[in-house]
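Text of the file structure32.tsv, holding TSV, C-alpha atoms:
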chain	number	residue	atom	x	y	z
A	1	MET	CA	147.39	138.10	133.68
A	2	GLY	CA	149.89	138.64	130.81
A	3	LYS	CA	153.17	137.04	131.84
A	4	VAL	CA	151.60	134.77	134.43
A	5	GLY	CA	149.08	133.59	131.83
A	6	TRP	CA	151.75	132.75	129.26
A	7	TRP	CA	153.84	131.05	131.95
A	8	PHE	CA	150.78	128.91	132.75
A	9	VAL	CA	150.38	128.13	129.04
A	10	ASP	CA	153.98	126.85	129.04
A	11	VAL	CA	153.32	124.74	132.14
A	12	LEU	CA	150.22	123.20	130.54
A	13	SER	CA	152.05	122.50	127.29
A	14	ARG	CA	154.43	120.16	129.16
A	15	ALA	CA	151.62	117.62	129.27
A	16	LEU	CA	151.85	117.32	125.46
A	17	PRO	CA	154.44	115.51	123.35
A	18	THR	CA	157.37	117.91	122.79
A	19	HIS	CA	156.83	118.51	119.07
A	20	GLU	CA	153.13	119.23	119.54
A	21	ALA	CA	153.77	121.49	122.54
A	22	LEU	CA	156.23	123.59	120.54
A	23	ALA	CA	153.95	123.85	117.51
A	24	ALA	CA	150.83	124.69	119.53
A	25	ARG	CA	152.69	127.22	121.67
A	26	GLY	CA	154.08	128.83	118.51
A	27	ASP	CA	150.62	128.96	116.92
A	28	LEU	CA	149.23	130.73	119.99
A	29	THR	CA	152.07	133.28	119.96
A	30	GLU	CA	151.60	133.90	116.25
A	31	SER	CA	147.85	134.37	116.69
A	32	ALA	CA	148.54	137.36	118.98
A	33	ILE	CA	145.64	136.46	121.27
A	34	SER	CA	145.28	137.47	124.93
A	35	ALA	CA	146.96	135.41	127.64
A	36	GLY	CA	143.56	134.46	129.04
A	37	ARG	CA	142.38	133.05	125.75
A	38	ALA	CA	145.72	131.30	125.23
A	39	VAL	CA	145.30	129.56	128.60
A	40	ARG	CA	141.79	128.41	127.64
A	41	GLU	CA	142.99	127.18	124.25
A	42	MET	CA	145.96	125.27	125.65
A	43	LEU	CA	143.85	123.84	128.47
A	44	GLY	CA	141.31	122.66	125.90
A	45	LEU	CA	144.02	120.93	123.85
A	46	VAL	CA	145.59	119.28	126.90
A	47	LEU	CA	142.20	118.04	128.18
A	48	ARG	CA	141.28	116.64	124.77
A	49	ARG	CA	144.63	114.87	124.62
A	50	GLN	CA	144.25	113.53	128.17
A	51	LEU	CA	140.75	112.23	127.44
A	52	GLY	CA	142.04	110.58	124.27
A	53	LEU	CA	144.66	108.67	126.27
A	54	TRP	CA	141.91	106.97	128.27
A	55	GLY	CA	141.11	104.98	125.16
A	56	HIS	CA	144.24	102.95	125.99
A	57	ALA	CA	144.45	100.32	128.74
A	58	ARG	CA	147.42	101.71	130.63
A	59	PRO	CA	145.80	104.74	132.34
A	60	TRP	CA	143.00	102.45	133.58
A	61	LEU	CA	145.56	99.89	134.76
A	62	ALA	CA	147.54	102.61	136.56
A	63	LEU	CA	144.37	104.00	138.15
A	64	PHE	CA	142.80	100.77	139.36
A	65	THR	CA	145.85	98.63	140.19
A	66	ILE	CA	148.10	101.29	141.72
A	67	ALA	CA	146.76	104.84	142.18
A	68	LEU	CA	143.46	104.09	143.95
A	69	PRO	CA	144.36	100.98	146.01
A	70	THR	CA	147.85	102.13	146.97
A	71	GLY	CA	146.55	105.63	147.72
A	72	ILE	CA	143.97	104.23	150.16
A	73	LEU	CA	146.36	101.74	151.81
A	74	LEU	CA	149.22	104.20	152.03
A	75	GLY	CA	146.95	106.95	153.37
A	76	ASN	CA	145.68	104.77	156.21
A	77	LEU	CA	149.08	103.31	157.08
A	78	ALA	CA	150.67	106.78	157.01
A	79	ARG	CA	148.04	108.14	159.38
A	80	TYR	CA	148.51	105.23	161.78
A	81	TRP	CA	152.30	105.43	161.85
A	82	SER	CA	152.49	109.22	161.85
A	83	GLU	CA	150.24	109.29	164.93
A	84	GLY	CA	152.57	106.79	166.61
A	85	GLY	CA	155.61	108.84	165.64
A	86	SER	CA	153.96	111.98	166.96
A	87	ALA	CA	153.10	110.26	170.25
A	88	TYR	CA	156.74	109.22	170.75
A	89	LEU	CA	158.03	112.67	169.83
A	90	TRP	CA	155.64	114.15	172.39
A	91	LEU	CA	156.82	111.64	174.98
A	92	TYR	CA	160.50	112.57	174.63
A	93	ALA	CA	160.02	116.27	173.90
A	94	THR	CA	157.97	116.81	177.04
A	95	GLY	CA	159.80	114.27	179.21
A	96	ALA	CA	156.49	112.60	180.04
A	97	ASP	CA	156.35	109.12	181.52
A	98	ALA	CA	155.89	106.11	179.23
A	99	GLN	CA	152.74	105.37	181.26
A	100	SER	CA	151.13	108.31	179.43
A	101	LEU	CA	150.79	106.08	176.37
A	102	GLU	CA	149.34	103.19	178.37
A	103	THR	CA	146.01	103.39	176.55
A	104	THR	CA	147.62	103.24	173.11
A	105	VAL	CA	149.11	100.41	171.04
A	106	TRP	CA	152.49	102.14	171.30
A	107	ARG	CA	152.88	101.53	175.03
A	108	PHE	CA	155.36	98.65	174.60
A	109	ASP	CA	157.96	100.32	172.38
A	110	ALA	CA	157.80	103.45	174.54
A	111	ARG	CA	159.55	101.54	177.31
A	112	GLN	CA	162.45	100.51	175.04
A	113	PRO	CA	164.20	103.52	173.46
A	114	ALA	CA	166.48	101.46	171.19
A	115	ALA	CA	163.57	99.51	169.74
A	116	LEU	CA	161.63	102.73	169.43
A	117	VAL	CA	164.29	104.44	167.30
A	118	LEU	CA	164.49	101.38	165.06
A	119	TRP	CA	160.69	101.31	164.76
A	120	LEU	CA	160.52	104.97	163.76
A	121	CYS	CA	163.34	104.66	161.22
A	122	LEU	CA	161.89	101.53	159.62
A	123	ASN	CA	158.46	103.15	159.41
A	124	ALA	CA	159.92	106.22	157.75
A	125	VAL	CA	161.84	104.12	155.22
A	126	THR	CA	158.85	101.89	154.50
A	127	LEU	CA	156.49	104.79	153.86
A	128	ALA	CA	158.96	106.79	151.77
A	129	VAL	CA	160.09	103.85	149.64
A	130	TRP	CA	156.56	102.56	149.10
A	131	ALA	CA	155.27	106.02	148.14
A	132	TRP	CA	158.21	106.68	145.81
A	133	ILE	CA	157.97	103.24	144.15
A	134	ALA	CA	154.20	103.61	143.65
A	135	GLY	CA	154.62	107.09	142.16
A	136	ALA	CA	157.38	105.94	139.84
A	137	ALA	CA	155.32	102.91	138.76
A	138	VAL	CA	152.33	105.11	137.89
A	139	ARG	CA	154.63	107.44	135.96
A	140	SER	CA	156.11	104.50	134.09
A	141	MET	CA	152.71	102.92	133.39
A	142	ALA	CA	150.83	106.02	132.27
A	143	HIS	CA	153.37	108.77	131.71
A	144	ARG	CA	151.29	110.83	129.28
A	145	ALA	CA	148.11	110.53	131.35
A	146	LEU	CA	149.80	111.71	134.55
A	147	LEU	CA	147.85	114.94	134.54
A	148	THR	CA	144.68	112.98	135.27
A	149	VAL	CA	146.03	109.88	137.09
A	150	ALA	CA	148.26	111.78	139.56
A	151	PRO	CA	145.44	113.92	141.02
A	152	ALA	CA	143.38	110.72	141.45
A	153	PHE	CA	146.31	109.15	143.33
A	154	LEU	CA	146.65	112.18	145.62
A	155	ALA	CA	142.87	112.27	146.16
A	156	ALA	CA	142.86	108.58	147.17
A	157	LEU	CA	145.74	109.28	149.54
A	158	VAL	CA	143.84	112.07	151.27
A	159	LEU	CA	140.24	110.89	150.93
A	160	GLY	CA	141.01	107.20	151.63
A	161	THR	CA	140.89	107.92	155.36
A	162	VAL	CA	137.60	109.85	155.24
A	163	GLY	CA	134.87	108.05	157.16
A	164	THR	CA	137.35	105.77	158.91
A	165	ILE	CA	138.36	105.63	162.57
A	166	SER	CA	141.90	106.27	163.73
A	167	PHE	CA	143.11	103.09	165.43
A	168	GLY	CA	145.85	102.75	168.02
A	169	GLY	CA	144.25	104.80	170.78
A	170	PHE	CA	145.89	108.02	169.65
A	171	SER	CA	142.77	110.17	169.74
A	172	ASP	CA	142.24	109.39	173.44
A	173	SER	CA	145.87	109.86	174.43
A	174	ALA	CA	147.57	112.88	176.03
A	175	PRO	CA	149.57	114.01	172.94
A	176	ALA	CA	146.38	114.15	170.83
A	177	SER	CA	145.02	116.83	173.14
A	178	THR	CA	147.75	119.26	171.99
A	179	TYR	CA	147.49	121.03	168.65
A	180	LEU	CA	151.16	120.52	167.84
A	181	TYR	CA	151.40	116.77	168.48
A	182	GLY	CA	147.76	115.99	167.80
A	183	ALA	CA	147.54	117.64	164.38
A	184	VAL	CA	150.65	119.45	163.14
A	185	VAL	CA	153.32	116.77	163.64
A	186	PRO	CA	151.23	113.90	162.19
A	187	ALA	CA	150.39	116.05	159.17
A	188	LEU	CA	154.04	117.03	158.69
A	189	LEU	CA	155.16	113.40	158.92
A	190	ARG	CA	152.59	112.40	156.33
A	191	VAL	CA	153.70	115.14	153.99
A	192	CYS	CA	157.42	114.42	154.39
A	193	LEU	CA	157.25	110.62	154.39
A	194	VAL	CA	154.48	110.05	151.85
A	195	ALA	CA	153.43	113.09	149.82
A	196	LEU	CA	156.93	114.30	148.92
A	197	PRO	CA	158.37	110.87	147.97
A	198	LEU	CA	155.18	110.18	145.99
A	199	LEU	CA	155.51	113.45	144.07
A	200	ALA	CA	159.20	112.70	143.45
A	201	GLY	CA	158.25	109.32	142.01
A	202	LEU	CA	155.52	110.85	139.85
A	203	MET	CA	157.65	113.71	138.51
A	204	LEU	CA	161.19	112.34	138.19
A	205	ASP	CA	162.28	109.64	135.80
A	206	SER	CA	164.72	108.29	138.36
A	207	VAL	CA	164.53	104.54	137.84
A	208	SER	CA	164.88	104.08	134.09
A	209	ASN	CA	168.61	103.39	134.24
A	210	ILE	CA	168.76	101.03	137.21
A	211	VAL	CA	170.72	97.90	136.30
A	212	GLN	CA	169.16	94.45	136.53
A	213	GLY	CA	171.01	93.40	139.72
A	214	ALA	CA	169.94	96.54	141.54
A	215	ARG	CA	166.36	95.96	140.37
A	216	ILE	CA	166.27	92.54	141.97
A	217	LEU	CA	167.70	93.91	145.22
A	218	ALA	CA	165.23	96.79	145.20
A	219	ALA	CA	162.29	94.43	144.59
A	220	LEU	CA	163.42	92.20	147.46
A	221	ALA	CA	163.77	95.23	149.74
A	222	VAL	CA	160.26	96.42	148.89
A	223	ALA	CA	158.90	92.90	149.46
A	224	VAL	CA	160.53	92.75	152.91
A	225	LEU	CA	159.19	96.20	153.81
A	226	ALA	CA	155.71	95.19	152.62
A	227	VAL	CA	155.73	92.01	154.69
A	228	ARG	CA	156.91	93.98	157.70
A	229	ALA	CA	154.22	96.64	157.21
A	230	GLN	CA	151.42	94.06	156.84
A	231	PRO	CA	150.38	93.85	160.56
A	232	SER	CA	150.36	97.64	160.93
A	233	LEU	CA	148.41	98.00	157.70
A	234	GLU	CA	145.74	95.61	158.93
A	235	ILE	CA	145.34	97.55	162.18
A	236	ALA	CA	145.28	100.85	160.29
A	237	LEU	CA	142.44	99.56	158.07
A	238	LEU	CA	140.24	98.21	160.86
A	239	GLY	CA	138.11	101.32	161.38
A	240	GLY	CA	135.18	102.48	159.25
A	241	TRP	CA	134.67	101.45	155.65
A	242	THR	CA	138.25	100.23	155.15
A	243	SER	CA	137.61	97.34	157.57
A	244	VAL	CA	136.05	95.47	154.65
A	245	LEU	CA	139.55	95.29	153.14
A	246	VAL	CA	140.78	93.06	155.98
A	247	GLY	CA	137.49	91.40	156.85
A	248	ARG	CA	138.52	87.99	155.59
A	249	GLY	CA	141.75	86.06	155.79
A	250	THR	CA	142.05	85.76	152.04
A	251	ALA	CA	142.01	89.55	151.75
A	252	ARG	CA	145.46	89.63	153.35
A	253	LEU	CA	146.99	88.04	150.29
A	254	GLY	CA	145.32	90.71	148.17
A	255	LEU	CA	146.72	93.47	150.37
A	256	ALA	CA	150.22	92.06	150.17
A	257	THR	CA	149.93	91.75	146.40
A	258	LEU	CA	148.73	95.34	146.08
A	259	MET	CA	151.66	96.52	148.18
A	260	ILE	CA	154.28	94.70	146.15
A	261	TRP	CA	152.70	95.11	142.70
A	262	PRO	CA	154.08	98.64	141.97
A	263	ALA	CA	157.63	97.42	142.62
A	264	VAL	CA	157.15	94.29	140.52
A	265	TYR	CA	155.75	96.35	137.66
A	266	LEU	CA	158.36	99.06	137.90
A	267	LEU	CA	161.36	96.81	138.16
A	268	PHE	CA	160.45	94.02	135.75
A	269	TRP	CA	157.14	94.23	133.96
A	270	ARG	CA	157.52	97.67	132.42
A	271	HIS	CA	160.36	96.40	130.26
A	272	VAL	CA	157.92	94.25	128.35
A	273	PRO	CA	157.53	96.22	125.10
A	274	GLY	CA	154.16	97.65	124.19
A	275	ARG	CA	152.86	100.16	121.68
A	276	TYR	CA	151.55	102.61	124.25
A	277	SER	CA	154.54	102.27	126.57
A	278	ARG	CA	156.94	103.22	123.81
A	279	ALA	CA	154.67	106.03	122.62
A	280	SER	CA	154.49	107.43	126.13
B	1	MET	CA	137.14	106.75	104.09
B	2	ASN	CA	134.34	108.57	105.92
B	3	LEU	CA	135.02	112.12	107.06
B	4	GLY	CA	133.42	114.43	109.59
B	5	GLU	CA	132.57	118.02	108.81
B	6	PHE	CA	135.57	119.48	110.63
B	7	GLU	CA	137.91	116.92	109.11
B	8	PHE	CA	136.69	118.02	105.67
B	9	PHE	CA	137.27	121.68	106.56
B	10	LEU	CA	140.79	120.91	107.72
B	11	LEU	CA	141.64	118.94	104.59
B	12	SER	CA	140.19	121.65	102.33
B	13	ALA	CA	142.01	124.48	104.10
B	14	SER	CA	145.28	122.54	103.98
B	15	MET	CA	144.84	121.84	100.26
B	16	ARG	CA	144.11	125.50	99.53
B	17	LEU	CA	147.18	126.67	101.48
B	18	GLY	CA	149.47	124.08	99.91
B	19	ASP	CA	153.07	124.48	101.12
B	20	ALA	CA	151.98	127.23	103.52
B	21	ALA	CA	149.68	124.90	105.46
B	22	TYR	CA	150.54	124.68	109.15
B	23	GLY	CA	148.60	124.92	112.43
B	24	ALA	CA	148.05	128.68	112.70
B	25	SER	CA	147.46	129.31	108.97
B	26	VAL	CA	144.94	126.45	108.67
B	27	ARG	CA	143.18	127.74	111.76
B	28	ARG	CA	142.89	131.24	110.27
B	29	GLU	CA	141.65	129.82	106.99
B	30	ILE	CA	138.90	127.80	108.68
B	31	GLU	CA	137.81	130.70	110.88
B	32	GLU	CA	137.60	133.08	107.91
B	33	ALA	CA	135.75	130.59	105.73
B	34	THR	CA	133.21	129.42	108.32
B	35	GLY	CA	132.94	132.56	110.44
B	36	ARG	CA	133.24	130.34	113.52
B	37	PRO	CA	136.06	130.16	116.04
B	38	CYS	CA	138.40	127.20	115.61
B	39	SER	CA	140.07	126.10	118.83
B	40	ILE	CA	143.61	124.84	118.79
B	41	GLY	CA	142.42	121.78	120.70
B	42	ALA	CA	139.95	120.82	117.99
B	43	LEU	CA	142.55	121.53	115.30
B	44	TYR	CA	145.35	119.40	116.75
B	45	THR	CA	143.22	116.48	117.87
B	46	THR	CA	141.56	116.35	114.44
B	47	LEU	CA	144.95	116.63	112.78
B	48	ALA	CA	146.23	113.69	114.83
B	49	ARG	CA	143.16	111.67	113.86
B	50	LEU	CA	143.60	112.45	110.16
B	51	GLU	CA	147.29	111.56	110.40
B	52	GLY	CA	146.33	108.29	112.05
B	53	LYS	CA	144.00	107.55	109.13
B	54	GLY	CA	146.78	108.34	106.67
B	55	LEU	CA	144.89	111.29	105.17
B	56	VAL	CA	147.56	113.89	106.03
B	57	GLN	CA	151.24	113.89	106.83
B	58	THR	CA	152.88	116.38	109.16
B	59	ARG	CA	156.47	117.43	109.77
B	60	MET	CA	158.16	120.05	111.90
B	61	GLY	CA	159.02	123.12	109.83
B	62	ASP	CA	160.86	126.40	110.27
B	63	SER	CA	160.60	128.68	113.25
B	64	THR	CA	159.99	132.41	112.94
B	65	PRO	CA	160.39	135.37	115.32
B	66	GLN	CA	156.58	135.90	115.24
B	67	ARG	CA	156.25	132.46	116.81
B	68	GLY	CA	158.81	133.13	119.54
B	69	GLY	CA	161.32	130.95	117.70
B	70	ARG	CA	159.09	127.87	117.86
B	71	PRO	CA	158.73	125.54	114.85
B	72	LYS	CA	155.62	125.19	112.70
B	73	ARG	CA	153.84	121.88	112.24
B	74	MET	CA	153.56	121.69	108.47
B	75	ILE	CA	150.63	119.78	106.97
B	76	ARG	CA	150.45	117.94	103.66
B	77	VAL	CA	147.31	116.22	102.38
B	78	THR	CA	148.04	112.74	101.05
B	79	ALA	CA	146.52	111.19	97.94
B	80	SER	CA	144.18	109.22	100.18
B	81	GLY	CA	143.19	112.46	101.90
B	82	ARG	CA	142.40	114.11	98.56
B	83	ARG	CA	140.22	111.16	97.52
B	84	SER	CA	138.34	111.19	100.82
B	85	ALA	CA	137.74	114.95	100.66
B	86	ALA	CA	136.55	114.69	97.05
B	87	ALA	CA	134.17	111.87	97.96
B	88	PHE	CA	132.78	113.89	100.88
B	89	TYR	CA	132.25	116.94	98.66
B	90	GLN	CA	130.50	114.88	95.97
B	91	ALA	CA	128.25	113.34	98.60
B	92	VAL	CA	127.32	116.83	99.85
B	93	GLN	CA	126.56	117.92	96.27
B	94	ARG	CA	124.38	114.88	95.66
B	95	VAL	CA	122.45	115.14	98.90
B	96	THR	CA	121.79	118.86	98.41
B	97	SER	CA	120.89	118.59	94.77
B	98	GLY	CA	117.58	120.35	94.18
B	99	VAL	CA	117.39	121.68	97.74
B	100	ALA	CA	116.35	125.31	97.97
B	101	TRP	CA	119.41	126.61	99.82
B	102	ALA	CA	121.79	124.91	97.37
B	103	LYS	CA	120.50	126.88	94.36

Structure encoded using structure tokens:
Amino acid sequence: MGKVGWWFVDVLSRALPTHEALAARGDLTESAISAGRAVREMLGLVLRRQLGLWGHARPWLALFTIALPTGILLGNLARYWSEGGSAYLWLYATGADAQSLETTVWRFDARQPAALVLWLCLNAVTLAVWAWIAGAAVRSMAHRALLTVAPAFLAALVLGTVGTISFGGFSDSAPASTYLYGAVVPALLRVCLVALPLLAGLMLDSVSNIVQGARILAALAVAVLAVRAQPSLEIALLGGWTSVLVGRGTARLGLATLMIWPAVYLLFWRHVPGRYSRAS
Amino acid sequence: MNLGEFEFFLLSASMRLGDAAYGASVRREIEEATGRPCSIGALYTTLARLEGKGLVQTRMGDSTPQRGGRPKRMIRVTASGRRSAAAFYQAVQRVTSGVAWAK
């Protein structure tokens, strides 16, 4: 436990403000306690600090306006598109006929290779940019509470599809009957196009120095991608409990707002000064 | 200003240690005096609360080899902190006056 335990203490201490992390880590070293006890002590301090942060508005705002809704929407859209991507990969990898996807919603693009490539590329960009922007917005909104908000975001991403039905006809199609294209490829696409960009946004402070002109362009790009993704998102949400999110016409405006909100916050709103934002 | 029991312990230990008051030394002092373990989480969150109330001031101090080269967080009780601790102690004396275990 020794070295690994102290390494874990150092990892935990990163969740604290730098001066407090150094002082607490030094106190533990000076106390000459076991690594196991040091882990418990540091974990206790970090948890107390994290709980204390929930007395501010920003962690709640990050949780309920970005982490949970975006996690659910992104999780469903990523599943829908990754299944489509997997179906096309299966089609071209096996040399099967486009008729094989006749029972799915992807039957049209399968007949037009050029449109198909464009579709796949745009989907990849949309998912990656949306996930990265949402992660960066959560980091910006609740930097110090990331240790509790980020797991909630990831949980919403994974659990948001539980109890829902996969739309698009993928589960009844030929590629879904293979382990590789039915399970492995969709999972890999979701990890590469959503989970990794999301983690990058959560962990890297990569947008703080973007100039104003680039911010406006980036916000416009995200808005265009969100508008483009809207029809797919509605289809992706139709099954199971998530159908309530698109049950009424007015809900569409809410969905679009939720999709664009992280970019709006990240690129403009976060520059509004606030006590907690500066402290974080 | 009202104090909790642990806040009073922390202020008293810091006063007793004077210029040698920092996280680890205050922790040792409280553990020896009360015979109870004092977690670093309780210590630092209480310290932050007391600092927020203006009852203590902290600054980063020297580092030593025993601490792996990491700095100490030095603690100084403010005048307001001394008044609050004194008021707490007097209240304890008054409320225990004539009680069997206080004799």

May I have a table of the residues of chain B lying at most 6 Å from chain A, giving each one's closest pair of atoms and their distance in Å to one decimal, counting only C-alpha atoms, ordered by chain and ascending residue number, as CSV?
residue,atom,partner,partner_atom,distance
B:Ala24,CA,A:Asp27,CA,4.9
B:Ile40,CA,A:Glu41,CA,6.0
B:Gly41,CA,A:Leu45,CA,3.6
B:Gln66,CA,A:Glu30,CA,5.5
B:Arg67,CA,A:Gly26,CA,4.6
B:Arg70,CA,A:Gly26,CA,5.1
B:Pro71,CA,A:Ala23,CA,5.7
B:Lys72,CA,A:Ala23,CA,5.3
B:Arg73,CA,A:Ala23,CA,5.6

Met259 of chain A surroundings by all atoms listed in the file, 10 Å radius, close-in-sequence under 6 positions cut, as a list in words: Ile66, Pro69, Thr70, Leu73, Leu74, Trp130, Ala134, Val222, Ala223, Leu225, Ala226, Val227, Ala229, Gln230 and Leu253 of chain A

Quick one: distance from atom CA of Gly163 of chain A to atom CA of Ala176 of chain A in Å, one decimal? 18.9 Å

Would you mind telling me which residue in B:Arg94, B:Arg49, B:Arg83, B:Arg76 lies nearest to Gly61 of chain B when using all atoms listed in the file?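 Residue with the minimum atom-to-atom distance to Gly61 of chain B: B:Arg76.
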
Extract, using all atoms listed in the file, all DNA, RNA and protein residues at most 12 Å from segment 53-58 of chain B, discarding same-chain residues fewer than 6 positions from it, and format them as a PyMOL selection string. (chain A and resi 19-20+23) or (chain B and resi 1-3+7-8+10-12+14-15+19+21-23+44+46-47+72-85)

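Atom CA of Val158 of chain A to atom CA of Leu189 of chain A spans 13.7 Å [interatomic distance, one decimal].
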
With all atoms listed in the file counted, which protein, DNA or RNA residues have an atom no more than 10 Å from (148.7, 142.9, 129.8) in the file frame? Please answer as a ChimeraX atom specification. /A:1-5,34-36

Could you tell me how far atom CA of His143 of chain A lies from atom CA of Val162 of chain A, in Å and to one decimal?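 Pair atom CA of His143 of chain A / atom CA of Val162 of chain A returns 28.3 Å.
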
Around (153.5, 98.6, 139.2) in the file's frame, which residues reach within 7 Å when counting all atoms listed in the file? Return as a PyMOL selection string? chain A and resi 66+134+137-138+261-266

Calculated over only C-alpha atoms, which of the candidates A:Ala174, A:Ala128, A:Ala183, A:Val149 has the smallest distance to Asp97 of chain A? A:Ala174

Which residue out of A:Ile72, A:Leu122, A:Thr103, A:Ser140 has the minimum interatomic distance to Arg58 of chain A when only C-alpha atoms are used? A:Ser140
